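Undergrad: As input, take upload.cif (mmCIF, C-alpha atoms and all ligand atoms):
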data_work
#
loop_
_atom_site.group_PDB
_atom_site.id
_atom_site.type_symbol
_atom_site.label_atom_id
_atom_site.label_comp_id
_atom_site.auth_asym_id
_atom_site.auth_seq_id
_atom_site.Cartn_x
_atom_site.Cartn_y
_atom_site.Cartn_z
ATOM 1 C CA MET N 1 -130.878 61.565 141.313
ATOM 2 C CA ALA N 2 -131.982 62.087 137.760
ATOM 3 C CA LEU N 3 -133.592 58.674 137.690
ATOM 4 C CA PHE N 4 -136.792 59.935 139.220
ATOM 5 C CA SER N 5 -139.730 61.482 137.517
ATOM 6 C CA SER N 6 -141.141 64.647 138.985
ATOM 7 C CA ARG N 7 -144.558 63.091 139.087
ATOM 8 C CA ASN N 8 -145.866 63.582 142.564
ATOM 9 C CA VAL N 9 -147.199 60.198 143.453
ATOM 10 C CA LYS N 10 -149.954 60.487 146.001
ATOM 11 C CA PHE N 11 -151.992 57.407 146.589
ATOM 12 C CA LEU N 12 -152.983 55.391 149.534
ATOM 13 C CA ILE N 13 -150.827 52.383 149.979
ATOM 14 C CA LEU N 14 -151.864 49.670 152.287
ATOM 15 C CA SER N 15 -149.133 47.361 153.238
ATOM 16 C CA VAL N 16 -148.630 43.873 154.499
ATOM 17 C CA CYS N 17 -145.533 42.656 156.252
ATOM 18 C CA VAL N 18 -143.787 39.701 154.764
ATOM 19 C CA PHE N 19 -140.933 38.419 156.831
ATOM 20 C CA VAL N 20 -138.342 36.575 154.857
ATOM 21 C CA THR N 21 -136.663 34.097 157.147
ATOM 22 C CA SER N 22 -132.912 34.481 157.347
ATOM 23 C CA LEU N 23 -131.992 30.828 156.965
ATOM 24 C CA VAL N 24 -131.655 30.991 153.201
ATOM 25 C CA SER N 25 -130.712 34.092 151.275
ATOM 26 C CA ALA N 26 -133.296 35.234 148.808
ATOM 27 C CA ASN N 27 -132.916 34.191 145.200
ATOM 28 C CA PHE N 28 -132.057 37.116 142.934
ATOM 29 C CA TYR N 29 -134.345 35.801 140.203
ATOM 30 C CA ASN N 30 -137.330 36.263 142.522
ATOM 31 C CA GLU N 31 -136.311 39.534 144.128
ATOM 32 C CA LEU N 32 -134.542 41.749 141.609
ATOM 33 C CA ASP N 33 -134.737 42.822 137.983
ATOM 34 C CA VAL N 34 -131.754 43.956 135.995
ATOM 35 C CA THR N 35 -133.240 47.146 134.579
ATOM 36 C CA TRP N 36 -130.566 48.595 132.333
ATOM 37 C CA GLY N 37 -127.148 47.987 130.809
ATOM 38 C CA ASP N 38 -128.016 45.875 127.782
ATOM 39 C CA GLY N 39 -126.648 42.582 129.115
ATOM 40 C CA ARG N 40 -123.995 44.116 131.374
ATOM 41 C CA GLY N 41 -125.964 43.143 134.478
ATOM 42 C CA LYS N 42 -126.306 39.393 135.010
ATOM 43 C CA ILE N 43 -127.926 37.023 137.464
ATOM 44 C CA LEU N 44 -125.775 33.890 137.714
ATOM 45 C CA ASP N 45 -125.258 30.722 139.742
ATOM 46 C CA ASN N 46 -128.965 29.768 139.940
ATOM 47 C CA GLY N 47 -129.882 33.180 141.285
ATOM 48 C CA ASN N 48 -127.245 33.314 144.020
ATOM 49 C CA LEU N 49 -124.917 35.792 142.360
ATOM 50 C CA LEU N 50 -125.485 39.053 140.526
ATOM 51 C CA THR N 51 -122.850 41.021 138.664
ATOM 52 C CA LEU N 52 -122.978 44.531 137.248
ATOM 53 C CA SER N 53 -120.415 45.740 134.784
ATOM 54 C CA LEU N 54 -119.315 48.974 133.220
ATOM 55 C CA ASP N 55 -117.446 49.649 130.006
ATOM 56 C CA LYS N 56 -116.946 52.726 127.898
ATOM 57 C CA VAL N 57 -120.390 52.355 126.305
ATOM 58 C CA SER N 58 -122.544 51.803 129.394
ATOM 59 C CA GLY N 59 -122.884 50.860 133.018
ATOM 60 C CA SER N 60 -125.699 48.683 134.347
ATOM 61 C CA GLY N 61 -128.175 48.457 137.177
ATOM 62 C CA PHE N 62 -130.917 46.557 138.947
ATOM 63 C CA GLN N 63 -133.875 47.256 141.191
ATOM 64 C CA SER N 64 -135.961 45.254 143.616
ATOM 65 C CA ARG N 65 -139.358 43.945 142.599
ATOM 66 C CA ASN N 66 -140.743 44.726 146.038
ATOM 67 C CA GLU N 67 -141.326 48.073 147.625
ATOM 68 C CA TYR N 68 -140.577 48.251 151.326
ATOM 69 C CA LEU N 69 -141.984 50.387 154.086
ATOM 70 C CA PHE N 70 -139.320 49.798 156.744
ATOM 71 C CA GLY N 71 -136.920 46.904 156.707
ATOM 72 C CA LYS N 72 -133.574 45.478 157.616
ATOM 73 C CA ILE N 73 -131.833 44.844 154.353
ATOM 74 C CA ASP N 74 -128.498 43.114 154.018
ATOM 75 C CA MET N 75 -126.499 42.684 150.834
ATOM 76 C CA GLN N 76 -123.020 41.365 150.325
ATOM 77 C CA LEU N 77 -120.934 43.251 147.783
ATOM 78 C CA LYS N 78 -117.527 42.663 146.304
ATOM 79 C CA LEU N 79 -116.484 45.954 144.774
ATOM 80 C CA VAL N 80 -114.667 46.579 141.489
ATOM 81 C CA PRO N 81 -111.095 45.324 142.005
ATOM 82 C CA GLY N 82 -107.810 46.736 140.740
ATOM 83 C CA ASN N 83 -107.805 50.217 139.300
ATOM 84 C CA SER N 84 -111.417 51.233 139.931
ATOM 85 C CA ALA N 85 -110.720 54.980 139.869
ATOM 86 C CA GLY N 86 -113.586 56.953 138.346
ATOM 87 C CA THR N 87 -116.147 54.196 138.881
ATOM 88 C CA VAL N 88 -119.014 54.453 141.327
ATOM 89 C CA THR N 89 -121.142 51.615 142.630
ATOM 90 C CA VAL N 90 -124.342 52.960 144.151
ATOM 91 C CA TYR N 91 -126.630 50.892 146.330
ATOM 92 C CA TYR N 92 -129.649 52.625 147.811
ATOM 93 C CA LEU N 93 -133.287 52.651 148.803
ATOM 94 C CA SER N 94 -135.523 55.246 147.220
ATOM 95 C CA SER N 95 -139.138 56.238 146.850
ATOM 96 C CA THR N 96 -140.448 58.117 143.808
ATOM 97 C CA GLY N 97 -141.972 61.560 143.227
ATOM 98 C CA SER N 98 -140.586 65.046 143.775
ATOM 99 C CA ASN N 99 -140.631 64.757 147.573
ATOM 100 C CA TRP N 100 -138.849 61.446 147.590
ATOM 101 C CA ASP N 101 -136.950 59.793 150.439
ATOM 102 C CA GLU N 102 -133.662 58.053 149.805
ATOM 103 C CA ILE N 103 -131.024 56.169 151.805
ATOM 104 C CA ASP N 104 -127.697 55.899 149.967
ATOM 105 C CA PHE N 105 -124.540 53.889 150.013
ATOM 106 C CA GLU N 106 -122.107 54.886 147.243
ATOM 107 C CA PHE N 107 -118.714 53.275 146.768
ATOM 108 C CA LEU N 108 -116.179 55.555 145.126
ATOM 109 C CA GLY N 109 -113.424 53.604 143.386
ATOM 110 C CA ASN N 110 -109.719 54.378 143.472
ATOM 111 C CA LEU N 111 -106.347 53.498 142.013
ATOM 112 C CA SER N 112 -105.050 50.036 142.961
ATOM 113 C CA GLY N 113 -103.982 50.089 146.579
ATOM 114 C CA ASP N 114 -105.664 53.423 147.365
ATOM 115 C CA PRO N 115 -108.730 53.370 149.584
ATOM 116 C CA TYR N 116 -112.301 53.293 148.424
ATOM 117 C CA ILE N 117 -114.596 55.877 149.980
ATOM 118 C CA VAL N 118 -118.010 54.840 151.256
ATOM 119 C CA HIS N 119 -120.268 57.817 150.702
ATOM 120 C CA THR N 120 -123.618 57.916 152.541
ATOM 121 C CA ASN N 121 -126.549 60.281 152.329
ATOM 122 C CA VAL N 122 -130.141 60.525 153.537
ATOM 123 C CA PHE N 123 -132.798 62.383 151.561
ATOM 124 C CA THR N 124 -136.098 63.222 153.184
ATOM 125 C CA GLN N 125 -138.943 64.933 151.338
ATOM 126 C CA GLY N 126 -136.644 65.481 148.348
ATOM 127 C CA LYS N 127 -133.833 67.138 150.343
ATOM 128 C CA GLY N 128 -130.425 65.574 150.883
ATOM 129 C CA ASN N 129 -127.205 67.452 151.683
ATOM 130 C CA ARG N 130 -126.471 65.071 154.534
ATOM 131 C CA GLU N 131 -123.313 63.437 153.244
ATOM 132 C CA GLN N 132 -120.983 61.459 155.442
ATOM 133 C CA GLN N 133 -118.008 59.597 153.989
ATOM 134 C CA PHE N 134 -115.891 56.820 155.414
ATOM 135 C CA TYR N 135 -112.845 54.720 154.689
ATOM 136 C CA LEU N 136 -113.219 50.998 155.364
ATOM 137 C CA TRP N 137 -111.132 48.942 157.764
ATOM 138 C CA PHE N 138 -110.607 46.227 155.121
ATOM 139 C CA GLY N 139 -110.023 45.958 151.388
ATOM 140 C CA PRO N 140 -113.529 45.767 149.910
ATOM 141 C CA THR N 141 -112.528 44.130 146.615
ATOM 142 C CA ALA N 142 -110.880 40.872 147.673
ATOM 143 C CA ASP N 143 -113.997 39.328 149.144
ATOM 144 C CA PHE N 144 -117.658 39.923 149.858
ATOM 145 C CA HIS N 145 -118.645 42.149 152.787
ATOM 146 C CA THR N 146 -122.089 42.894 154.169
ATOM 147 C CA TYR N 147 -123.604 46.346 153.785
ATOM 148 C CA SER N 148 -126.851 46.814 155.687
ATOM 149 C CA ILE N 149 -129.574 49.381 155.926
ATOM 150 C CA LEU N 150 -131.875 49.209 158.904
ATOM 151 C CA TRP N 151 -134.862 51.503 158.428
ATOM 152 C CA ASN N 152 -137.462 51.415 161.158
ATOM 153 C CA PRO N 153 -139.706 54.062 162.749
ATOM 154 C CA GLN N 154 -136.943 55.087 165.199
ATOM 155 C CA LEU N 155 -133.898 55.365 162.962
ATOM 156 C CA ILE N 156 -131.962 54.675 159.826
ATOM 157 C CA LEU N 157 -128.783 52.763 160.508
ATOM 158 C CA PHE N 158 -125.966 52.106 158.026
ATOM 159 C CA SER N 159 -123.785 49.131 158.962
ATOM 160 C CA VAL N 160 -120.776 47.421 157.445
ATOM 161 C CA ASP N 161 -120.148 43.801 158.423
ATOM 162 C CA GLY N 162 -122.527 44.360 161.328
ATOM 163 C CA ALA N 163 -120.726 47.464 162.622
ATOM 164 C CA PRO N 164 -122.879 50.608 162.602
ATOM 165 C CA ILE N 165 -121.157 53.476 160.798
ATOM 166 C CA ARG N 166 -123.954 56.044 160.739
ATOM 167 C CA GLN N 167 -127.362 56.630 162.223
ATOM 168 C CA PHE N 168 -130.061 59.102 161.285
ATOM 169 C CA LYS N 169 -132.583 59.328 164.084
ATOM 170 C CA ASN N 170 -136.252 60.064 163.860
ATOM 171 C CA GLU N 171 -136.364 63.441 165.595
ATOM 172 C CA GLU N 172 -140.086 63.705 164.962
ATOM 173 C CA SER N 173 -140.668 60.951 167.473
ATOM 174 C CA LYS N 174 -138.979 63.198 170.049
ATOM 175 C CA GLY N 175 -141.312 66.070 169.311
ATOM 176 C CA VAL N 176 -139.251 67.965 166.738
ATOM 177 C CA PRO N 177 -141.714 69.310 164.136
ATOM 178 C CA GLU N 178 -141.788 67.406 160.862
ATOM 179 C CA GLU N 179 -140.856 70.533 158.877
ATOM 180 C CA VAL N 180 -137.584 70.849 160.798
ATOM 181 C CA VAL N 181 -136.175 67.353 160.304
ATOM 182 C CA PRO N 182 -138.569 65.119 158.396
ATOM 183 C CA PHE N 183 -138.063 61.369 158.754
ATOM 184 C CA PRO N 184 -138.909 58.882 155.984
ATOM 185 C CA LYS N 185 -141.960 57.078 157.281
ATOM 186 C CA ASN N 186 -144.741 56.814 154.753
ATOM 187 C CA GLN N 187 -143.260 56.545 151.282
ATOM 188 C CA PRO N 188 -142.367 52.994 150.299
ATOM 189 C CA MET N 189 -138.926 52.508 148.817
ATOM 190 C CA ARG N 190 -137.347 50.109 146.384
ATOM 191 C CA ILE N 191 -133.748 48.945 146.355
ATOM 192 C CA TYR N 192 -131.677 50.197 143.439
ATOM 193 C CA SER N 193 -128.085 49.584 142.484
ATOM 194 C CA SER N 194 -125.908 50.535 139.595
ATOM 195 C CA LEU N 195 -122.320 50.751 138.460
ATOM 196 C CA TRP N 196 -121.383 53.746 136.359
ATOM 197 C CA ASN N 197 -118.676 56.138 135.349
ATOM 198 C CA ALA N 198 -118.366 59.239 137.532
ATOM 199 C CA ASP N 199 -114.808 60.267 136.825
ATOM 200 C CA ASP N 200 -115.819 63.923 136.821
ATOM 201 C CA TRP N 201 -116.084 63.823 140.639
ATOM 202 C CA ALA N 202 -115.610 60.402 142.215
ATOM 203 C CA THR N 203 -111.904 59.855 142.756
ATOM 204 C CA ARG N 204 -109.925 62.592 144.493
ATOM 205 C CA GLY N 205 -112.677 64.963 143.531
ATOM 206 C CA GLY N 206 -112.386 64.131 139.795
ATOM 207 C CA LEU N 207 -108.589 64.379 139.463
ATOM 208 C CA VAL N 208 -108.155 60.675 138.656
ATOM 209 C CA LYS N 209 -109.979 59.533 135.522
ATOM 210 C CA THR N 210 -111.297 56.113 134.590
ATOM 211 C CA ASP N 211 -108.690 53.970 132.824
ATOM 212 C CA TRP N 212 -110.790 52.364 130.113
ATOM 213 C CA SER N 213 -108.012 49.920 129.238
ATOM 214 C CA GLN N 214 -109.070 48.146 132.478
ATOM 215 C CA ALA N 215 -112.714 47.757 131.367
ATOM 216 C CA PRO N 216 -115.016 45.994 131.832
ATOM 217 C CA PHE N 217 -115.268 46.837 135.531
ATOM 218 C CA THR N 218 -117.376 44.435 137.563
ATOM 219 C CA ALA N 219 -119.039 44.544 140.989
ATOM 220 C CA SER N 220 -120.648 41.406 142.482
ATOM 221 C CA TYR N 221 -123.583 40.846 144.830
ATOM 222 C CA ARG N 222 -124.765 37.876 146.854
ATOM 223 C CA ASN N 223 -126.647 36.855 150.022
ATOM 224 C CA PHE N 224 -129.452 39.380 149.765
ATOM 225 C CA ASN N 225 -131.621 39.226 152.838
ATOM 226 C CA ALA N 226 -134.588 41.442 153.650
ATOM 227 C CA GLU N 227 -136.557 41.272 156.850
ATOM 228 C CA ALA N 228 -138.976 43.919 155.784
ATOM 229 C CA CYS N 229 -142.474 45.189 155.386
ATOM 230 C CA VAL N 230 -143.343 44.562 151.784
ATOM 231 C CA VAL N 231 -145.966 46.832 150.343
ATOM 232 C CA VAL N 232 -148.801 45.073 148.602
ATOM 233 C CA SER N 233 -151.294 47.497 147.092
ATOM 234 C CA GLY N 234 -154.897 46.793 147.790
ATOM 235 C CA THR N 235 -154.434 44.671 150.885
ATOM 236 C CA SER N 236 -155.790 45.919 154.135
ATOM 237 C CA THR N 237 -153.264 44.367 156.488
ATOM 238 C CA SER N 238 -151.161 46.982 158.203
ATOM 239 C CA CYS N 239 -147.452 46.747 158.653
ATOM 240 C CA GLY N 240 -146.413 44.825 161.725
ATOM 241 C CA THR N 241 -149.501 42.733 162.143
ATOM 242 C CA GLY N 242 -149.505 40.662 158.972
ATOM 243 C CA GLY N 243 -146.932 38.304 157.593
ATOM 244 C CA SER N 244 -145.768 34.963 158.743
ATOM 245 C CA ALA N 245 -145.779 34.125 162.403
ATOM 246 C CA SER N 246 -142.208 32.868 162.170
ATOM 247 C CA GLY N 247 -140.994 36.293 161.095
ATOM 248 C CA ASN N 248 -138.645 38.047 163.431
ATOM 249 C CA THR N 249 -139.857 41.609 163.975
ATOM 250 C CA ALA N 250 -137.214 42.678 166.498
ATOM 251 C CA TRP N 251 -135.628 44.928 163.859
ATOM 252 C CA LEU N 252 -138.759 47.098 163.814
ATOM 253 C CA SER N 253 -137.980 48.437 167.281
ATOM 254 C CA GLU N 254 -134.198 48.126 167.199
ATOM 255 C CA VAL N 255 -132.172 51.096 168.464
ATOM 256 C CA LEU N 256 -128.512 51.294 169.446
ATOM 257 C CA ASP N 257 -127.691 50.407 173.029
ATOM 258 C CA SER N 258 -124.968 52.326 174.837
ATOM 259 C CA SER N 259 -122.108 50.015 173.855
ATOM 260 C CA GLU N 260 -123.193 50.117 170.206
ATOM 261 C CA GLN N 261 -123.302 53.916 170.488
ATOM 262 C CA GLU N 262 -119.704 53.819 171.702
ATOM 263 C CA ASN N 263 -118.692 51.560 168.777
ATOM 264 C CA LEU N 264 -120.389 53.927 166.373
ATOM 265 C CA LYS N 265 -118.471 56.872 167.846
ATOM 266 C CA TRP N 266 -115.248 54.906 167.526
ATOM 267 C CA VAL N 267 -115.850 54.142 163.838
ATOM 268 C CA GLN N 268 -116.773 57.765 163.198
ATOM 269 C CA LYS N 269 -113.680 59.009 164.978
ATOM 270 C CA ASN N 270 -111.319 56.672 163.141
ATOM 271 C CA TYR N 271 -112.823 56.154 159.686
ATOM 272 C CA MET N 272 -114.977 59.146 158.860
ATOM 273 C CA VAL N 273 -113.397 61.317 156.164
ATOM 274 C CA TYR N 274 -116.199 63.819 155.581
ATOM 275 C CA ASN N 275 -119.116 64.945 157.694
ATOM 276 C CA TYR N 276 -121.587 67.551 156.424
ATOM 277 C CA CYS N 277 -122.229 68.534 160.009
ATOM 278 C CA SER N 278 -118.724 69.881 160.479
ATOM 279 C CA ASP N 279 -118.477 71.576 157.101
ATOM 280 C CA SER N 280 -118.771 75.160 158.289
ATOM 281 C CA LYS N 281 -117.872 76.551 154.839
ATOM 282 C CA ARG N 282 -120.861 74.837 153.379
ATOM 283 C CA PHE N 283 -123.333 76.014 155.983
ATOM 284 C CA PRO N 284 -122.191 79.560 156.793
ATOM 285 C CA GLU N 285 -125.636 80.450 158.071
ATOM 286 C CA GLY N 286 -125.660 77.631 160.601
ATOM 287 C CA TYR N 287 -125.481 73.867 160.782
ATOM 288 C CA PRO N 288 -128.387 71.655 159.690
ATOM 289 C CA PRO N 289 -131.026 71.385 162.437
ATOM 290 C CA GLU N 290 -130.570 67.654 163.078
ATOM 291 C CA TYR N 291 -126.944 68.349 164.007
ATOM 292 C CA ASN N 292 -127.929 70.624 166.865
ATOM 293 C CA ILE N 293 -130.600 68.248 168.020
ATOM 294 C CA GLY N 294 -128.715 64.970 167.555
HETATM 295 C C1 LIG W 301 -108.152 57.652 146.826
HETATM 296 O O1 LIG W 301 -106.842 57.700 147.293
HETATM 297 C C2 LIG W 301 -106.408 58.988 147.683
HETATM 298 C C3 LIG W 301 -104.941 58.893 148.053
HETATM 299 O O2 LIG W 301 -104.750 57.976 149.094
HETATM 300 C C4 LIG W 301 -107.273 59.494 148.837
HETATM 301 O O3 LIG W 301 -106.913 60.814 149.161
HETATM 302 C C5 LIG W 301 -108.740 59.440 148.446
HETATM 303 O O4 LIG W 301 -109.549 59.768 149.566
HETATM 304 C C6 LIG W 301 -109.085 58.048 147.973
HETATM 305 N N1 LIG W 301 -110.492 57.842 147.626
HETATM 306 C C7 LIG W 301 -111.155 58.495 146.690
HETATM 307 C C8 LIG W 301 -112.502 58.010 146.373
HETATM 308 O O5 LIG W 301 -110.717 59.471 146.098
#
Output the structure of this file as structure tokens.

TA:
Amino acid sequence: MALFSSRNVKFLILSVCVFVTSLVSANFYNELDVTWGDGRGKILDNGNLLTLSLDKVSGSGFQSRNEYLFGKIDMQLKLVPGNSAGTVTVYYLSSTGSNWDEIDFEFLGNLSGDPYIVHTNVFTQGKGNREQQFYLWFGPTADFHTYSILWNPQLILFSVDGAPIRQFKNEESKGVPEEVVPFPKNQPMRIYSSLWNADDWATRGGLVKTDWSQAPFTASYRNFNAEACVVVSGTSTSCGTGGSASGNTAWLSEVLDSSEQENLKWVQKNYMVYNYCSDSKRFPEGYPPEYNIG
């Protein structure tokens, strides 16, 4: 994404794990900063609600104050209702620099009554091209639903309302050389989100344009919860050993068991609308290596 500078950030980061207990959702005032949009992004309701809006002049966005090196991050989103065609709500984790890592959820709006597409991608060492897209099994605009990213040393897992929809496994841990399928494991990432106009490609490949008479478009966020390793520069505690004793670290070693694998296959069979791995036109010289391994 164009948001990143090409500066190649290379510095030693020492991290400390801070485990946010799940009893109370984190307050947006403490966790996030609205970074652009000139007042179109707002933290409301004593820090329990955040809204981003988009009109013809501008979209808006926020980012997390903390940087994370692994985490289980939940956010509830209520997507732009009504005719949201042409709008895109992106919600992702990303590091900086030209070899950045990134874990993306993007929500592609649609005409009233037509389905949103959930677009996912994983960038490692600055390379993406790993798109998978899904329809949802509910209307995502009537109420809040939970979108989660689990990122631990074994895998990256995308879940919706607790149901895994995609996993990207760490093949390195199975002996596949790093150059073949690198896994994000040492660049801390921040959470970013924004709502913007993408009517050149988002809805039916760009055929349906944004109807500005419906503006402003608004997406809402609540119940942010991060059980994560928060990077604190200059501290010598390593991830996994610091933090509060009450923190639950089970997520750090979480992998899918066989029944969860079956559920994942079921979702992929019934709701996946695009998979880069089966796009033979796009990869005439052979599928991406993780496809053959995975
Ligand atoms: C929008 O609706 C059309 C028609 O049902 C569908 O083909 C398309 O996948 C939907 N989503 C997007 C983002 O275009």

Undergrad: All residues within 6 Å of ligand LIG 301 (chain W) are required, counting all atoms listed in the file; please report them as a PDB file with C-alpha atoms, in the frame of the given file.

TA:
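Result file is out_34.pdb:
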ATOM      1  CA  LEU N 108    -116.179  55.555 145.126  1.00  0.00           C
ATOM      2  CA  GLY N 109    -113.424  53.604 143.386  1.00  0.00           C
ATOM      3  CA  ASN N 110    -109.719  54.378 143.472  1.00  0.00           C
ATOM      4  CA  ASP N 114    -105.664  53.423 147.365  1.00  0.00           C
ATOM      5  CA  PRO N 115    -108.730  53.370 149.584  1.00  0.00           C
ATOM      6  CA  TYR N 116    -112.301  53.293 148.424  1.00  0.00           C
ATOM      7  CA  ILE N 117    -114.596  55.877 149.980  1.00  0.00           C
ATOM      8  CA  ALA N 202    -115.610  60.402 142.215  1.00  0.00           C
ATOM      9  CA  THR N 203    -111.904  59.855 142.756  1.00  0.00           C
ATOM     10  CA  ARG N 204    -109.925  62.592 144.493  1.00  0.00           C
TER      11      ARG N 204
END

Undergrad: Go through the shown structure with the PyMOL selection byres (((chain N and resi 95) around 6) and not hetatm) and write out the matching residues as a short mmCIF file (atom, residue, chain, number, x, y, z; two decimals) with C-alpha atoms, in the frame of the given file.

TA:
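Saved result, out36.cif, follows:
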data_model
loop_
_atom_site.label_atom_id
_atom_site.label_comp_id
_atom_site.auth_asym_id
_atom_site.auth_seq_id
_atom_site.Cartn_x
_atom_site.Cartn_y
_atom_site.Cartn_z
CA SER N 94 -135.52 55.25 147.22
CA THR N 96 -140.45 58.12 143.81
CA TRP N 100 -138.85 61.45 147.59
CA ASP N 101 -136.95 59.79 150.44
CA PRO N 188 -142.37 52.99 150.30
CA MET N 189 -138.93 52.51 148.82
#

Undergrad: Expressed in Å to a single decimal, how great is the separation between atom CA of Leu79 of chain N and atom CA of Asp143 of chain N?

TA: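 Value for the atom CA of Leu79 of chain N-atom CA of Asp143 of chain N distance: 8.3 Å.
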
Undergrad: Check which residues satisfy the PyMOL selection byres (((chain N and resi 174-177) around 12) and not hetatm) in the file shown, then give them as a PyMOL selection string.

TA: chain N and resi 153-155+169-173+178-183+289-290+292-294

Undergrad: Which one of N:Leu69, N:Leu252, N:Leu150, N:Leu207 sits closest to Ser233 of chain N if you count all atoms listed in the file?

TA: N:Leu69

Undergrad: Quick check on the file I pasted: which residues fall under the PyMOL selection byres (((chain N and resi 266-272) around 10) and not hetatm)? Write them as number ranges by chain.

TA: N: 117-119, 132-137, 163-166, 260-265, 273-275

Undergrad: Pick from N:Asn66, N:Ile73, N:Lys281, N:Pro288: nearest to Ser25 of chain N, with all atoms listed in the file counted?

TA: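 Looking only at the distances to Ser25 of chain N, the closest residue turns out to be N:Ile73.
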
Undergrad: Report as a ChimeraX atom specification all protein, DNA and RNA residues lying within 8 Å of Asp104 of chain N, evaluated on only C-alpha atoms, omitting residues in the same chain fewer than 3 positions from it.

TA: /N:90-93,119-122

Undergrad: Do a neighbour search on His145 of chain N at 12 Å with all atoms listed in the file, toss out local chain neighbours closer than 6 positions, and write the hits as a ChimeraX atom specification.

TA: /N:74-79,136-139,159-163,220-224

Undergrad: Could you tell me how far atom CA of Ser253 of chain N sits from atom CA of Pro184 of chain N, in Å to one decimal place?

TA: 15.4 Å

Undergrad: Here is a test: counting only C-alpha atoms, which residue of N:Tyr68, N:Ser213, N:Gly39, N:Leu32 is nearest to Gly82 of chain N?

TA: N:Ser213

Undergrad: Excluding Gln63 of chain N and residues on its chain fewer than 6 positions from it, collect all residues at most 10 Å away from it, counting all atoms listed in the file, and give them as a ChimeraX atom specification.

TA: /N:31-36,91-93,190-194

Undergrad: Go through N:Ser53, N:Asn30, N:Gly86, N:Pro81 and flag the residue nearest Val208 of chain N, using all atoms listed in the file for the distances.

TA: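 The closest residue to Val208 of chain N is N:Gly86.
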
Undergrad: May I ask for the distance between atom CA of Ile43 of chain N and atom CA of Asn27 of chain N, given in Å to one decimal place?

TA: 9.6 Å

Undergrad: Find the residues around Lys56 of chain N up to 10 Å (only C-alpha atoms counted), leave out those fewer than 2 positions away in its own chain, and share them as number ranges by chain.

TA: N: 54, 58-59, 196-197, 210-213, 215-217

Undergrad: Would you pick out the contacts of Ser60 of chain N at 6 Å or less, using only C-alpha atoms, so that residues sharing its chain but fewer than 4 positions from it are not included, and give the list as a PyMOL selection string?

TA: chain N and resi 36-37+40-41+52+194-195

Undergrad: Have a look at N:Cys229, N:Leu157, N:Cys277, N:Ala219 and name the one nearest to Val255 of chain N; count all atoms listed in the file.

TA: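 Of N:Cys229, N:Leu157, N:Cys277, N:Ala219, the one nearest Val255 of chain N is N:Leu157, counting all atoms listed in the file.
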
Undergrad: Restricting the calculation to only C-alpha atoms, which member of N:Asp55, N:Gly113, N:Lys72, N:Gln167 is positioned closest to Asp38 of chain N?

TA: N:Asp55

Undergrad: Please write out, as AutoDock Vina command-line options, where the centre of an axis-aligned box around all listed atoms of segment 50-54 of chain N lies and how long its edges are, in Å to one decimal, after adding 6 Å on each side.

TA:
--center_x -122.4 --center_y 44.0 --center_z 136.9 --size_x 18.2 --size_y 21.9 --size_z 19.3
